[in-house]
$ cat final.txt   # compact mmCIF, C-alpha atoms
# COMPACT_ATOMS: atom_id res chain seq x y z
CA MET R 1 0.00 0.00 0.00
CA GLU R 2 2.93 2.35 0.58
CA LEU R 3 3.81 1.90 -3.10
CA ASN R 4 0.32 3.08 -4.03
CA PHE R 5 0.71 6.17 -1.84
CA PRO R 6 4.31 7.34 -2.37
CA ILE R 7 5.56 10.39 -0.52
CA VAL R 8 5.49 13.37 -2.89
CA GLN R 9 8.52 15.62 -2.67
CA VAL R 10 9.28 18.82 -4.58
CA LEU R 11 12.44 19.95 -2.76
CA ASN R 12 14.72 17.27 -1.38
CA GLU R 13 16.91 17.41 1.71
CA ASP R 14 19.87 18.82 -0.25
CA GLY R 15 17.84 21.76 -1.53
CA THR R 16 17.47 20.26 -5.02
CA VAL R 17 14.21 20.57 -6.95
CA VAL R 18 13.07 17.03 -7.83
CA GLN R 19 9.76 17.95 -9.50
CA PRO R 20 10.76 20.11 -12.51
CA GLU R 21 7.13 21.00 -13.33
CA TYR R 22 7.05 23.20 -10.23
CA ARG R 23 10.39 24.90 -10.85
CA GLU R 24 9.07 28.03 -12.57
CA ARG R 25 6.61 28.66 -9.74
CA MET R 26 9.35 28.42 -7.10
CA THR R 27 10.25 32.08 -7.46
CA LYS R 28 12.63 34.05 -5.32
CA PRO R 29 9.82 36.21 -3.79
CA LEU R 30 7.78 33.09 -2.87
CA THR R 31 10.85 31.40 -1.39
CA MET R 32 11.75 34.48 0.66
CA THR R 33 8.18 34.74 1.94
CA MET R 34 8.21 31.10 2.99
CA TYR R 35 11.57 31.48 4.68
CA ARG R 36 10.38 34.49 6.68
CA HIS R 37 7.30 32.59 7.88
CA LEU R 38 9.36 29.53 8.78
CA ILE R 39 11.78 31.61 10.85
CA ARG R 40 8.88 33.49 12.45
CA THR R 41 7.03 30.35 13.48
CA ARG R 42 10.11 28.57 14.82
CA THR R 43 11.34 31.58 16.80
CA PHE R 44 7.88 32.09 18.27
CA ASP R 45 7.62 28.43 19.26
CA ARG R 46 10.96 28.53 21.07
CA LYS R 47 9.96 31.74 22.82
CA CYS R 48 6.73 30.17 24.05
CA VAL R 49 8.57 27.17 25.49
CA SER R 50 10.85 29.62 27.33
CA LEU R 51 7.87 31.63 28.60
CA GLN R 52 6.23 28.48 29.93
CA ARG R 53 9.39 27.42 31.74
CA GLN R 54 9.46 30.86 33.37
CA GLY R 55 5.82 30.56 34.47
CA ARG R 56 4.68 33.44 32.26
CA ILE R 57 2.20 31.32 30.27
CA GLY R 58 0.50 28.02 31.01
CA THR R 59 1.15 24.57 29.58
CA TYR R 60 2.24 24.97 25.98
CA VAL R 61 2.11 22.66 22.95
CA PRO R 62 5.28 22.97 20.81
CA TYR R 63 5.50 22.17 17.11
CA GLU R 64 9.18 22.70 16.20
CA GLY R 65 9.99 20.49 13.22
CA GLN R 66 6.50 20.77 11.76
CA GLU R 67 6.84 24.35 10.48
CA ALA R 68 6.72 23.40 6.78
CA CYS R 69 3.38 21.62 7.30
CA GLN R 70 1.81 24.66 8.88
CA VAL R 71 3.37 27.45 6.83
CA GLY R 72 2.97 25.76 3.45
CA SER R 73 -0.65 24.77 3.98
CA ALA R 74 -1.71 28.13 5.45
CA LEU R 75 -0.13 30.04 2.56
CA ALA R 76 -2.24 27.95 0.16
CA LEU R 77 -5.51 29.38 1.55
CA ASN R 78 -7.53 32.28 0.17
CA ASP R 79 -8.61 35.09 2.49
CA GLY R 80 -12.23 33.90 2.58
CA ASP R 81 -11.40 30.30 3.47
CA TRP R 82 -11.91 28.59 6.82
CA MET R 83 -9.19 27.19 9.06
CA PHE R 84 -9.98 24.57 11.71
CA PRO R 85 -6.80 24.11 13.80
CA THR R 86 -5.79 21.81 16.62
CA TYR R 87 -3.98 22.96 19.75
CA ARG R 88 -0.64 22.49 17.91
CA ASP R 89 -1.38 24.63 14.85
CA HIS R 90 -0.62 28.14 16.07
CA GLY R 91 2.09 28.34 13.40
CA ALA R 92 -0.60 27.89 10.74
CA MET R 93 -2.88 30.42 12.41
CA MET R 94 -0.08 32.98 12.64
CA THR R 95 0.73 32.48 8.96
CA PHE R 96 -2.95 32.92 8.06
CA GLY R 97 -3.13 36.24 9.90
CA ARG R 98 -3.72 35.55 13.58
CA PRO R 99 -1.80 38.15 15.65
CA LEU R 100 0.99 36.84 17.87
CA THR R 101 -0.52 38.58 20.87
CA THR R 102 -3.77 36.66 20.38
CA THR R 103 -1.86 33.37 20.33
CA LEU R 104 -0.02 34.28 23.53
CA LEU R 105 -3.28 35.26 25.24
CA TYR R 106 -4.67 31.83 24.36
CA TRP R 107 -1.80 30.15 26.20
CA LYS R 108 -2.22 32.67 29.01
CA GLY R 109 -5.77 31.38 29.50
CA ARG R 110 -7.61 34.50 28.36
CA THR R 111 -10.76 34.27 26.23
CA GLU R 112 -9.38 36.93 23.87
CA GLY R 113 -7.02 34.23 22.63
CA CYS R 114 -9.92 32.52 20.86
CA VAL R 115 -11.05 35.59 18.86
CA PRO R 116 -9.82 35.69 15.24
CA PRO R 117 -8.88 38.96 13.54
CA GLU R 118 -11.62 40.78 11.65
CA GLY R 119 -12.38 39.08 8.34
CA LYS R 120 -10.59 35.82 9.13
CA LYS R 121 -12.45 32.53 9.62
CA ILE R 122 -10.14 30.88 12.14
CA VAL R 123 -12.01 28.61 14.54
CA PRO R 124 -10.62 28.40 18.10
CA PRO R 125 -8.10 25.55 18.45
CA SER R 126 -9.66 22.16 19.08
CA VAL R 127 -8.32 20.45 22.19
CA PRO R 128 -10.63 17.39 22.17
CA ILE R 129 -9.13 15.07 19.57
CA ALA R 130 -10.77 15.04 16.10
CA THR R 131 -13.98 16.86 17.07
CA GLN R 132 -13.12 19.59 14.56
CA LEU R 133 -13.37 17.24 11.54
CA PRO R 134 -17.19 16.91 11.43
CA GLN R 135 -17.44 20.63 12.22
CA ALA R 136 -15.19 21.45 9.27
CA ALA R 137 -17.26 19.23 6.98
CA GLY R 138 -20.38 21.08 8.11
CA ALA R 139 -18.84 24.50 7.53
CA ALA R 140 -17.75 23.37 4.06
CA CYS R 141 -21.28 22.22 3.23
CA ALA R 142 -22.64 25.58 4.38
CA GLU R 143 -20.26 27.40 2.05
CA LYS R 144 -21.26 25.12 -0.81
CA TRP R 145 -24.98 25.54 -0.23
CA LYS R 146 -24.58 29.31 0.02
CA GLY R 147 -22.92 29.26 -3.40
CA THR R 148 -19.59 30.74 -2.33
CA ASN R 149 -16.16 29.78 -3.62
CA ASN R 150 -14.73 29.39 -0.12
CA ALA R 151 -13.03 26.20 1.01
CA VAL R 152 -12.13 24.70 4.40
CA LEU R 153 -8.78 23.41 5.66
CA VAL R 154 -8.87 21.26 8.79
CA TYR R 155 -5.82 19.98 10.67
CA PHE R 156 -5.40 16.85 12.78
CA GLY R 157 -2.68 14.51 14.00
CA ASP R 158 -2.11 10.82 13.49
CA GLY R 159 -3.74 10.00 16.82
CA ALA R 160 -6.99 11.58 15.62
CA THR R 161 -7.45 8.75 13.12
CA SER R 162 -8.28 6.48 16.07
CA GLU R 163 -11.33 8.60 16.90
CA GLY R 164 -14.82 8.13 15.51
CA ASP R 165 -15.00 11.81 14.57
CA PHE R 166 -12.29 11.22 11.97
CA HIS R 167 -14.42 8.70 10.11
CA GLU R 168 -17.64 10.65 10.58
CA GLY R 169 -16.05 13.82 9.23
CA LEU R 170 -14.61 12.14 6.14
CA ASN R 171 -17.79 10.16 5.50
CA PHE R 172 -20.06 13.21 5.74
CA ALA R 173 -17.76 15.31 3.55
CA SER R 174 -17.50 12.61 0.90
CA VAL R 175 -21.25 12.00 0.72
CA PHE R 176 -21.99 15.70 0.21
CA ASP R 177 -18.86 16.56 -1.85
CA ALA R 178 -17.99 19.19 0.72
CA PRO R 179 -15.23 21.67 -0.25
CA VAL R 180 -12.86 20.64 2.53
CA VAL R 181 -9.26 19.47 2.68
CA PHE R 182 -8.38 17.17 5.57
CA PHE R 183 -4.74 17.89 6.45
CA ASN R 184 -3.06 15.27 8.60
CA GLN R 185 0.30 16.05 10.22
CA ASN R 186 1.72 12.61 10.79
CA ASN R 187 4.53 13.30 13.25
CA GLN R 188 4.52 9.57 14.02
CA TYR R 189 3.64 9.84 17.70
CA ALA R 190 0.31 10.49 19.40
CA ILE R 191 1.51 11.65 22.82
CA SER R 192 3.66 8.67 23.86
CA VAL R 193 2.16 6.12 21.47
CA PRO R 194 3.85 5.42 18.10
CA ILE R 195 1.73 5.27 14.97
CA THR R 196 2.10 1.48 14.86
CA ARG R 197 -0.10 1.37 17.97
CA GLN R 198 -2.67 3.66 16.37
CA MET R 199 -3.34 1.67 13.20
CA LYS R 200 -2.36 -1.41 11.24
CA THR R 201 -2.54 0.35 7.86
CA LYS R 202 0.81 1.39 6.43
CA THR R 203 -0.38 4.89 5.58
CA ILE R 204 -3.03 7.37 6.66
CA ALA R 205 -3.63 8.47 3.08
CA GLN R 206 -5.00 5.05 2.13
CA LYS R 207 -7.93 5.58 4.49
CA ALA R 208 -9.34 7.89 1.79
CA LEU R 209 -10.20 4.76 -0.24
CA ALA R 210 -13.02 3.93 2.18
CA TYR R 211 -14.71 7.24 1.34
CA ASP R 212 -13.93 7.27 -2.40
CA ILE R 213 -11.96 10.52 -2.18
CA PRO R 214 -8.38 11.32 -3.21
CA GLY R 215 -5.68 10.55 -0.66
CA ILE R 216 -2.08 11.70 -1.05
CA ARG R 217 1.11 11.51 1.01
CA ILE R 218 3.58 14.38 0.96
CA ASP R 219 6.90 15.19 2.56
CA GLY R 220 5.72 17.32 5.45
CA ASN R 221 9.20 18.81 5.88
CA ASP R 222 9.15 20.16 2.31
CA VAL R 223 7.34 23.50 2.42
CA PHE R 224 6.99 23.55 -1.37
CA ALA R 225 5.39 20.11 -1.57
CA VAL R 226 3.01 21.14 1.20
CA TYR R 227 2.15 24.44 -0.48
CA PHE R 228 1.63 23.18 -4.02
CA LYS R 229 -0.24 19.99 -3.13
CA THR R 230 -2.51 21.73 -0.61
CA ARG R 231 -3.22 24.47 -3.14
CA GLU R 232 -4.08 21.89 -5.79
CA ALA R 233 -6.44 20.12 -3.39
CA LEU R 234 -8.12 23.42 -2.49
CA GLU R 235 -8.52 24.36 -6.16
CA ARG R 236 -9.98 20.94 -6.90
CA THR R 237 -12.51 21.18 -4.10
CA ARG R 238 -13.53 24.73 -5.11
CA SER R 239 -14.37 23.43 -8.58
CA GLY R 240 -16.73 20.82 -7.17
CA GLY R 241 -14.27 17.93 -6.92
CA GLY R 242 -15.07 17.18 -3.29
CA PRO R 243 -12.75 16.61 -0.33
CA THR R 244 -9.15 15.41 -0.25
CA LEU R 245 -7.19 13.68 2.50
CA ILE R 246 -3.55 14.80 2.74
CA GLU R 247 -1.04 12.95 4.90
CA ALA R 248 1.99 15.14 5.56
CA VAL R 249 4.75 12.94 6.96
CA THR R 250 6.81 14.97 9.40
CA TRP R 251 8.58 14.84 12.77
CA ARG R 252 8.19 16.83 15.97
CA TYR R 253 11.57 17.45 17.58
CA GLY R 254 10.42 18.06 21.12
CA ALA R 255 7.78 17.04 23.60
CA HIS R 256 4.08 16.52 23.01
CA THR R 257 3.50 19.34 25.50
CA THR R 258 5.70 21.16 28.00
CA SER R 259 4.47 18.70 30.66
CA ASP R 260 5.77 15.73 28.67
CA ASP R 261 9.14 13.94 28.69
CA PRO R 262 9.71 12.45 25.20
CA SER R 263 12.95 10.75 26.24
CA ARG R 264 10.85 8.16 28.11
CA TYR R 265 9.32 6.76 24.92
CA ARG R 266 11.38 8.03 21.94
CA ASP R 267 15.03 7.92 20.94
CA GLN R 268 16.12 11.56 21.03
CA GLU R 269 19.09 10.77 18.79
CA GLU R 270 16.58 10.54 15.96
CA SER R 271 15.61 14.17 16.47
CA LYS R 272 19.26 15.25 16.49
CA LYS R 273 19.81 13.44 13.20
CA ARG R 274 16.72 14.94 11.59
CA ARG R 275 17.79 18.47 12.53
CA GLU R 276 20.78 18.02 10.22
CA THR R 277 19.05 16.08 7.43
CA THR R 278 15.32 16.70 7.00
CA ASP R 279 14.90 20.06 8.75
CA PRO R 280 12.42 22.25 6.82
CA ILE R 281 14.33 25.52 7.33
CA LYS R 282 17.75 24.18 6.40
CA ARG R 283 16.22 22.74 3.25
CA VAL R 284 15.02 26.16 2.10
CA GLU R 285 18.36 27.73 3.01
CA ARG R 286 20.12 25.14 0.82
CA LEU R 287 17.80 25.94 -2.08
CA MET R 288 18.50 29.66 -1.74
CA GLN R 289 22.23 29.03 -1.63
CA ARG R 290 22.03 26.85 -4.76
CA GLU R 291 20.08 29.54 -6.61
CA GLY R 292 22.31 32.39 -5.49
CA TRP R 293 19.46 33.97 -3.53
CA TRP R 294 21.01 33.61 -0.09
CA ASP R 295 21.96 36.87 1.60
CA GLU R 296 23.36 36.61 5.12
CA GLU R 297 22.60 40.25 5.86
CA TRP R 298 18.99 39.83 4.75
CA ALA R 299 18.61 36.65 6.83
CA ASN R 300 19.96 38.44 9.91
CA GLN R 301 17.52 41.29 9.28
CA VAL R 302 14.62 38.83 9.05
CA GLN R 303 15.64 37.30 12.37
CA ALA R 304 15.95 40.72 14.01
CA GLU R 305 12.53 41.82 12.75
CA VAL R 306 10.95 38.58 13.94
CA ASP R 307 12.59 38.88 17.36
CA ALA R 308 11.30 42.45 17.73
CA GLU R 309 7.76 41.45 16.70
CA ILE R 310 7.70 38.62 19.21
CA GLU R 311 9.03 40.73 22.07
CA GLN R 312 6.39 43.37 21.35
CA ALA R 313 3.67 40.69 21.40
CA VAL R 314 4.95 39.36 24.74
CA ALA R 315 4.88 42.86 26.21
CA GLU R 316 1.31 43.36 25.00
CA MET R 317 0.25 40.00 26.44
CA GLU R 318 1.71 40.78 29.84
CA ARG R 319 -0.19 44.07 30.07
CA TYR R 320 -3.41 42.06 30.33
CA PRO R 321 -4.64 41.09 33.80
CA LYS R 322 -4.59 37.45 34.83
CA ALA R 323 -7.39 35.31 33.43
CA ASP R 324 -10.55 34.92 35.50
CA ALA R 325 -11.12 31.22 36.16
CA SER R 326 -14.88 31.89 36.36
CA ASP R 327 -14.86 32.28 32.59
CA MET R 328 -14.49 28.51 32.33
CA PHE R 329 -17.92 28.10 33.88
CA ASP R 330 -19.79 31.23 32.81
CA PHE R 331 -19.38 30.99 29.04
CA VAL R 332 -20.05 27.34 28.24
CA PHE R 333 -23.79 27.90 27.80
CA ALA R 334 -25.95 31.03 27.70
CA GLN R 335 -27.47 29.83 30.99
CA PRO R 336 -25.19 27.57 33.07
CA THR R 337 -26.55 24.09 33.72
CA TRP R 338 -26.88 22.90 37.30
CA THR R 339 -23.83 20.68 36.85
CA ILE R 340 -21.67 23.60 35.79
CA ALA R 341 -23.09 25.74 38.60
CA GLU R 342 -22.08 23.05 41.10
CA GLN R 343 -18.60 22.82 39.59
CA LYS R 344 -18.16 26.58 39.83
CA GLU R 345 -19.28 26.65 43.45
CA ALA R 346 -16.89 23.81 44.32
CA TYR R 347 -14.06 25.73 42.68
CA LEU R 348 -14.92 28.96 44.53
CA GLN R 349 -15.00 27.09 47.86
CA TRP R 350 -11.59 25.60 47.13
CA LYS R 351 -10.25 29.04 46.17
CA ARG R 352 -11.59 30.59 49.39
CA GLY R 353 -9.99 27.78 51.38
CA MET R 354 -6.63 28.36 49.69
CA ALA R 355 -6.84 32.07 50.47
CA ARG R 356 -7.20 31.48 54.21
$ encode --input "final.txt" --output "structure tokens"
Amino acid sequence: MELNFPIVQVLNEDGTVVQPEYRERMTKPLTMTMYRHLIRTRTFDRKCVSLQRQGRIGTYVPYEGQEACQVGSALALNDGDWMFPTYRDHGAMMTFGRPLTTTLLYWKGRTEGCVPPEGKKIVPPSVPIATQLPQAAGAACAEKWKGTNNAVLVYFGDGATSEGDFHEGLNFASVFDAPVVFFNQNNQYAISVPITRQMKTKTIAQKALAYDIPGIRIDGNDVFAVYFKTREALERTRSGGGPTLIEAVTWRYGAHTTSDDPSRYRDQEESKKRRETTDPIKRVERLMQREGWWDEEWANQVQAEVDAEIEQAVAEMERYPKADASDMFDFVFAQPTWTIAEQKEAYLQWKRGMAR
């Protein structure tokens, strides 16, 4: 089955273009834009891990190593499209226009962190696994029935394929030819469980066969493969071709969350090796060097501008007061149920006891 779903690559690890048909579209301006976003997302991710370790934000979900998946796919969207992210896709949201301050407020526990910028259809990150897939299929159907040309991009990890919502979302979308692209980031571990404990199938892409929709595998560390193949899937679905399942094969360098210790279940030497071989940023740098586009002064300027933007966002985030824990209870329903009211009262009693 792996032979039927080969991994599509446009730019290999050495920075060589291996799909000549895309060469003319791999322009210097596009490459520089991608590089800037890759540096921006990685620098932000590292800053957030540091902020969590200092106690300045709460538990954080890192994505370093998966930047090409998120940047390439987000750049493929049109302004009117929908994005349904998971808790690990803040790189994609940032690339699609979500302010850095908003992302930091989310990890600070403030409700403002769930509000997208004006004109952007970015749904709040889904923490329950795979629940966003049926929602994305529904949003796509709504766009179709309203007669718009808008599409939906929904993210999920390999662990989500073990959930019923994965199958329900794909089944619903396929039956109604919904304009949605299901984008799987297969980083090969769902928390501490390897993909071999999630499924017996050799690929995730082959699961598309059950729903009679296209399924493709791409090199998730190749930002160009991600960009072009996601864009093609979005164009196909806009023209009435129905949904597509994309499996982007990638690798997360660090922990599942900042409360996790990956060394207990994964050989960290593999991550060290991948940083030198398959890293998405180094790959783009090698391309730019091959093409004569690399400029050390420009790269340093990009890093300086990104650093300044992030520091400004951190300063803005820290001007907000601490989150009110009552928000967790007050804004679930218009009128709190008796169960939620009891939970809130129990919390307030505990808080009063801690204050004494």
$ closest_residue --input "final.txt" --among "R:Glu269, R:Asp81, R:Glu285, R:Glu276" --to "Thr31 of chain R" --atoms "only C-alpha atoms"
R:Glu285
$ residues_around --input "final.txt" --residues "Asn12 of chain R" --least-positions-apart "5" --cutoff "10 Å" --atoms "only C-alpha atoms" --output "ChimeraX atom specification"
/R:17-19,219,221-222,224-225,277-278,280,283-284,286-287
$ residues_near_point --input "final.txt" --point "(-8.7, 10.7, 6.3)" --cutoff "9 Å" --atoms "only C-alpha atoms" --output "VMD selection string"
chain R and resid 161 166 to 167 169 to 170 182 to 184 204 to 209 211 215 244 to 247
$ residues_around --input "final.txt" --residues "Gln70 of chain R" --least-positions-apart "5" --cutoff "12 Å" --atoms "all atoms listed in the file" --output "MDAnalysis selection string"
chainID R and resid 34 37:38 40:42 63:65 75:77 83 85:86 88:96 153:156 183:185 220:227 230 248 250 280
$ residues_around --input "final.txt" --residues "Val49 of chain R" --least-positions-apart "4" --cutoff "12 Å" --atoms "only C-alpha atoms" --output "CSV table (one decimal) with C-alpha atoms, keeping the file's coordinate frame"
chain,number,residue,atom,x,y,z
R,42,ARG,CA,10.1,28.6,14.8
R,43,THR,CA,11.3,31.6,16.8
R,44,PHE,CA,7.9,32.1,18.3
R,45,ASP,CA,7.6,28.4,19.3
R,53,ARG,CA,9.4,27.4,31.7
R,54,GLN,CA,9.5,30.9,33.4
R,55,GLY,CA,5.8,30.6,34.5
R,56,ARG,CA,4.7,33.4,32.3
R,57,ILE,CA,2.2,31.3,30.3
R,58,GLY,CA,0.5,28.0,31.0
R,59,THR,CA,1.2,24.6,29.6
R,60,TYR,CA,2.2,25.0,26.0
R,61,VAL,CA,2.1,22.7,23.0
R,62,PRO,CA,5.3,23.0,20.8
R,63,TYR,CA,5.5,22.2,17.1
R,64,GLU,CA,9.2,22.7,16.2
R,104,LEU,CA,0.0,34.3,23.5
R,107,TRP,CA,-1.8,30.2,26.2
R,254,GLY,CA,10.4,18.1,21.1
R,255,ALA,CA,7.8,17.0,23.6
R,256,HIS,CA,4.1,16.5,23.0
R,257,THR,CA,3.5,19.3,25.5
R,258,THR,CA,5.7,21.2,28.0
R,259,SER,CA,4.5,18.7,30.7
$ atom_distance --input "final.txt" --atom1 "atom CA of Glu163 of chain R" --atom2 "atom CA of Ala130 of chain R"
6.5 Å
$ atom_distance --input "final.txt" --atom1 "atom CA of Lys351 of chain R" --atom2 "atom CA of Asp324 of chain R"
12.2 Å
$ closest_residue --input "final.txt" --among "R:Pro336, R:Gly164, R:Gly109, R:Gly147" --to "Pro134 of chain R" --atoms "only C-alpha atoms"
R:Gly164
$ atom_distance --input "final.txt" --atom1 "atom CA of Ala210 of chain R" --atom2 "atom CA of Val152 of chain R"
20.9 Å
$ residues_near_point --input "final.txt" --point "(-15.8, 19.4, -1.2)" --cutoff "6 Å" --atoms "only C-alpha atoms" --output "list in words"
Asp177, Ala178, Pro179, Val180, Thr237, Gly242 and Pro243 of chain R
